[in-house]
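Remarks on the structure that follows.
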Amino acid sequence: MGRFYALLYGCSLLLLASSFASADVVEKTFEVSTFSIERMCQQTTITAVNRSLPGPMLNVSEGDNVIVHVINNSPYEITIHWHGVHQQANSWADGPDYVTQCPIHIGNNYTYNFTVTGQEGTLW
Ligand SMILES: *[C@@H]1O[C@H](CO)[C@@H](O)[C@H](O)[C@H]1NC(C)=O
Ligand SMILES: *[C@@H]1O[C@H](CO)[C@@H](O)[C@H](O)[C@H]1NC(C)=O
Ligand SMILES: *[C@@H]1O[C@H](CO)[C@@H](O)[C@H](O)[C@H]1NC(C)=O
Ligand SMILES: *[C@@H]1O[C@H](CO)[C@@H](O)[C@H](O)[C@H]1NC(C)=O
């Protein structure tokens with residue numbers, strides 16, 4: 001099995017344009033693990049956040065600081081890629097393994113820390 005690129009099933013980031021000037025810290029813990037689900041009458045093994053499909057949603061407003069503590073309890077080395085999120089001045093938080101970070105080893109933790117600016121919409 002090759003490296004697992006953790007575009008984990010169904011995590012989404014909802015970015016809201018906000019007229020409020022106050023920036024919040026949105027801090028979450030994502031536990032990544034592998035488990036069995038039934039789809040189309042077939043058992044299949046998936047890797048997802050918090051044993052949930054779809055995964056958790058982060059609701060973030062302009063200027064918020066996103067802190068996500070990832071606990072890798074899966075049998076793969078993983079990263080989380082924030083698909084579509086502009087990582088302005090924090091490219092190290094973008095997620096692709098061996099490009100902007102080393103993978104999170106099995107049984108290890110990693111904290112993503114980035115600030116969302118100039119974006120709105122629903123991203124994967
Ligand atoms: C995910 O699960 C962990 C416990 O493993 C919990 O602490 C955390 O709040 C959950 N995160 C979300 C976003 O639901
Ligand atoms: C996201 O948060 C905003 C501001 O706190 C709230 O108004 C909105 O209802 C939330 N949206 C969802 C989908 O939870
Ligand atoms: C990862 O985080 C969890 C929850 O905070 C903690 O119990 C565990 O010891 C941490 N593991 C490592 C390798 O730091
Ligand atoms: C996130 O990054 C900011 C800016 O570098 C830093 O001040 C803050 O302490 C970091 N937060 C965490 C939880 O690592």
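Ordering of the structure tokens sets the chain letters (A, B, ...); residue numbers start at 1 within each chain; ligands are numbered from 1 in the order shown.
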Produce as a compact mmCIF listing (two decimals) with C-alpha atoms, in the first residue's frame the set of residues near ligand 3, where near means within 12 Å with only C-alpha atoms and all ligand atoms considered.
# COMPACT_ATOMS: atom_id res chain seq x y z
CA LYS A 28 -10.38 21.27 17.19
CA THR A 29 -8.96 17.82 17.62
CA PHE A 30 -9.08 15.37 14.72
CA GLU A 31 -8.50 11.72 15.54
CA VAL A 32 -7.68 9.85 12.34
CA VAL A 68 -6.32 21.52 14.42
CA HIS A 69 -4.60 18.93 16.58
CA VAL A 70 -4.32 15.75 14.50
CA ILE A 71 -3.87 12.44 16.30
CA ASN A 72 -2.81 9.74 13.89
CA ASN A 73 -4.29 6.49 15.13
CA ILE A 104 2.59 12.44 10.58
CA HIS A 105 3.92 9.08 11.69
CA ILE A 106 1.69 6.32 12.94
CA GLY A 107 0.77 7.03 16.56
CA ASN A 108 2.04 10.62 16.43
CA ASN A 109 0.36 13.99 16.61
CA TYR A 110 0.71 17.21 14.68
CA THR A 111 -0.90 20.62 15.05
For ligand 2, list the contacting residues at 8 Å or closer, counting only C-alpha atoms and all ligand atoms, as number ranges by chain.
-> A: 14, 16, 59-61
Near-ligand residues for ligand 4, threshold 7 Å, only C-alpha atoms and all ligand atoms, as a VMD selection string = chain A and resid 67 111 113 to 114
Need the shell around Thr115 in chain A: protein/DNA/RNA residues with any atom at most 12 Å away, counting only C-alpha atoms. Skip same-chain ones fewer than 4 positions apart. Format as a PDB file with C-alpha atoms, in the first residue's frame?
ATOM      1  CA  LEU A  15     -15.557  29.878   5.220  1.00  0.00           C
ATOM      2  CA  ALA A  23     -10.936  37.130  14.917  1.00  0.00           C
ATOM      3  CA  ASP A  24     -11.523  33.929  16.814  1.00  0.00           C
ATOM      4  CA  VAL A  25      -9.367  30.913  17.436  1.00  0.00           C
ATOM      5  CA  VAL A  26     -11.136  27.826  16.099  1.00  0.00           C
ATOM      6  CA  GLU A  27      -9.447  24.920  17.853  1.00  0.00           C
ATOM      7  CA  VAL A  60     -14.530  29.623  10.184  1.00  0.00           C
ATOM      8  CA  SER A  61     -14.826  33.347   9.594  1.00  0.00           C
ATOM      9  CA  GLU A  62     -12.495  35.819   7.955  1.00  0.00           C
ATOM     10  CA  GLY A  63      -9.358  36.314  10.003  1.00  0.00           C
ATOM     11  CA  ASP A  64      -9.890  33.333  12.291  1.00  0.00           C
ATOM     12  CA  ASN A  65      -6.922  31.316  13.462  1.00  0.00           C
ATOM     13  CA  VAL A  66      -7.527  27.618  12.792  1.00  0.00           C
ATOM     14  CA  ILE A  67      -5.782  25.210  15.137  1.00  0.00           C
ATOM     15  CA  VAL A  68      -6.317  21.519  14.421  1.00  0.00           C
ATOM     16  CA  VAL A  85      -7.587  26.989   1.324  1.00  0.00           C
ATOM     17  CA  HIS A  86      -5.127  29.718   0.399  1.00  0.00           C
ATOM     18  CA  GLN A  87      -2.234  29.316   2.772  1.00  0.00           C
ATOM     19  CA  GLN A  88      -0.965  32.847   2.543  1.00  0.00           C
ATOM     20  CA  ALA A  89       2.231  33.230   4.557  1.00  0.00           C
ATOM     21  CA  ASN A  90       1.722  29.815   6.121  1.00  0.00           C
ATOM     22  CA  SER A  91       2.423  27.391   3.300  1.00  0.00           C
ATOM     23  CA  ALA A  93       0.302  24.288   6.968  1.00  0.00           C
ATOM     24  CA  ASP A  94      -0.918  23.252   3.492  1.00  0.00           C
ATOM     25  CA  GLN A 119     -11.774  33.552   1.265  1.00  0.00           C
TER      26      GLN A 119
END
Length of the CA of Pro75 in chain A to CA of Glu38 in chain A vector [Å] = 20.0 Å
For the atom pair CA of Ser33 in chain A and CA of His83 in chain A, what is the interatomic distance in Å to one decimal place?
->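 Distance between the two atoms: 20.0 Å.
CA of Leu13 in chain A is positioned 23.3 Å from CA of Tyr76 in chain A.
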